[in-house]
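Chemist: Before anything else, here's the structure in question.
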Amino acid sequence: MVRNFTRPEDHIIEYLNHPEWAIRNLLSRKLDSPDTFNKIAAAALALTGFEHVSQVGEIRGHSSLLSALVERWRPETHTFHLPVGEVTVTLEDVSYILGLPINGEAVTGRSDSSHQFLVDNCIACFGREPGPQDHVLGKVNIAWVRQCRDTEPCDTQEFVERYVRVHIFCLLGTVVFLDKSTTSLNSKFLPLLRDFHRVSSYSWGHPVWYTYTDRCVVHHDTTTKRWMAH
């Protein structure tokens with residue numbers, strides 16, 4: 001049945017406003033605790049700009065609330081039309097909530113799903129090569145990535161920086177740029193993590209903002225085989 005969305009009472013948000021169900025339905029289904037992190041590497045993580053987002057954790061699906069937001073989203077204006085008025089996610093929101101840098105170099109790179117690209121970048125970032133069962137089609141198994149991180153001794157600066165790189169890679173795939181996959185992480189971000197001291201120079205907050213405002217998140221240039229998060 002097609003509902004008449006010009007009538008406020010037909011919106012699911014009215015259900016969420018119900019006095020008996022409102023509190024229960026507006027609460028997240030589950031907030032997973034933040035990923036494990038070795039406190040020895042805390043100072044190094046703070047230098048990258050990922051310290052705050054590392055403490056956010058993951059929120060599991062909330063179908064009722066998501067449905068309400070989808071109904072109220074207007075793609076022509078990139079805003080939510082709610083009973084209180086028009087609202088949207090701003091770049092300032094991303095900065096305050098996730099603490100990610102919003103000034104700096106663009107988050108971009110070369111599109112390459114080859115085995116050699118993945119192996120070279122895994123060795124550069126993690127210090128080891130994934131096995132045949134640890135990757136597929138340019139994506140790395142998240143269990144293997146976490147094992148790499150959790151087995152780092154963190155007893156030298158090199159190992160600490162490697163530990164932080166791996167931790168940030170996990171954050172990019174599970175919190176910052178998460179997708180439908182729950183078992184693998186996209187290797188395209190690895191080249192941006194190779195130089196530890198440049199990680200904080202990227203504007204990680206901008207592509208996140210575009211993600212939430214439904215703009216073209218990733219632009220693929222088929223001519224030069226590059227991708228760019230706008």
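Ligands are numbered from 1 in the order shown, residues from 1 within each chain, and chains are lettered A, B, ... in the order they appear in the structure tokens.
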Write out as a list in words each polymer residue whose atoms come within 12 Å of Pro191 in chain A, counting only C-alpha atoms; drop sequence neighbours fewer than 6 positions from it.
Modeler: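 Answer for this query is Val107, Thr108, Gly109, Arg110, Ser111, Asp112, Phe117, Leu118, Val119, Asp120, Asn121, Cys122, Ile123, Ala124, Cys125, Phe126, Arg165, Phe169, Arg198 and Val199 of chain A.
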Chemist: Within 8 Å of Phe50 in chain A, counting only C-alpha atoms, which residues show up once you throw out same-chain ones fewer than 6 positions away? Write them as a ChimeraX atom specification, please.
Modeler: /A:99-100,168
Chemist: Go through A:Asn186, A:Thr90, A:Gln55, A:Gly173 one by one, measure the shortest atom-to-atom distance of each to His78 in chain A using only C-alpha atoms, and give the residue with the smallest value.
Modeler: A:Thr90
Chemist: Quick one: of A:Thr48, A:Ser113, A:Ser95, A:Ser64, who's nearest to Tyr202 in chain A, counting only C-alpha atoms?
Modeler: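 Under the stated criterion, the closest residue is A:Thr48.
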Chemist: Where in range 93-198 of chain A does DSSP assign strand (DSSP E), given as a ChimeraX atom specification?
Modeler: /A:108-110,135-136,139-141,184-186
Chemist: May I have the residues from that selection written out with C-alpha atoms, as a short mmCIF file (atom, residue, chain, number, x, y, z; two decimals), in the first residue's frame?
Modeler:
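This is the output file out_15.cif:
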data_model
loop_
_atom_site.label_atom_id
_atom_site.label_comp_id
_atom_site.auth_asym_id
_atom_site.auth_seq_id
_atom_site.Cartn_x
_atom_site.Cartn_y
_atom_site.Cartn_z
CA THR A 108 42.41 10.33 -2.53
CA GLY A 109 44.44 7.53 -4.06
CA ARG A 110 45.03 5.10 -6.91
CA HIS A 135 42.25 -11.26 1.57
CA VAL A 136 39.94 -11.24 -1.44
CA LYS A 139 39.92 -6.36 0.72
CA VAL A 140 41.71 -7.63 3.81
CA ASN A 141 40.15 -9.91 6.41
CA SER A 184 36.84 -7.23 5.52
CA LEU A 185 38.48 -3.82 5.07
CA ASN A 186 39.19 -1.99 1.80
#
Chemist: Restricting the calculation to only C-alpha atoms: of A:Phe189, A:Glu76, A:Tyr163, A:Val89, which residue gets closest to Thr211 in chain A?
Modeler: A:Val89
Chemist: Pick out the closest residue to Arg149 in chain A from this set: A:Leu193, A:Ile40, A:Val166, A:Leu137. Count only C-alpha atoms.
Modeler: A:Val166
Chemist: Step one, run DSSP on the backbone; step two, keep only residues of range 102-228 of chain A assigned to helix (DSSP H, G or I); then write them as JSON, numbers by chain.
Modeler: {"A": [115, 116, 117, 118, 119, 120, 121, 122, 123, 124, 125, 126, 132, 133, 134, 142, 143, 144, 145, 146, 147, 148, 149, 150, 157, 158, 159, 160, 161, 162, 163, 164, 165, 166, 167, 168, 169, 170, 171, 172, 173, 174, 175, 176, 187, 188, 189, 190, 191, 192, 193, 196, 197, 198, 199, 200, 201, 205, 206, 207, 208, 209, 210, 211, 212]}
Chemist: Could you state the separation of CA of Pro101 in chain A and CA of Ala42 in chain A in Å, given to one decimal place?
Modeler: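 According to the coordinates, CA of Pro101 in chain A and CA of Ala42 in chain A are separated by 17.6 Å.
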Chemist: Would you pick out the contacts of Cys154 in chain A at 10 Å or less, using only C-alpha atoms, so that residues sharing its chain but fewer than 6 positions from it are not included, and give the list as a VMD selection string?
Modeler: chain A and resid 38 to 41 160 to 164
Chemist: I need the residues from that last selection saved to file as a PDB file, in the first residue's frame (with C-alpha atoms), if you can.
Modeler:
ATOM      1  CA  ASN A  38      47.119  -0.600  23.877  1.00  0.00           C
ATOM      2  CA  LYS A  39      47.467   2.505  26.076  1.00  0.00           C
ATOM      3  CA  ILE A  40      51.209   2.545  25.416  1.00  0.00           C
ATOM      4  CA  ALA A  41      50.408   3.843  21.925  1.00  0.00           C
ATOM      5  CA  VAL A 160      54.167   1.738  18.146  1.00  0.00           C
ATOM      6  CA  GLU A 161      53.639   3.585  14.861  1.00  0.00           C
ATOM      7  CA  ARG A 162      52.862   0.310  13.100  1.00  0.00           C
ATOM      8  CA  TYR A 163      50.360  -0.551  15.833  1.00  0.00           C
ATOM      9  CA  VAL A 164      48.627   2.818  15.408  1.00  0.00           C
TER      10      VAL A 164
END
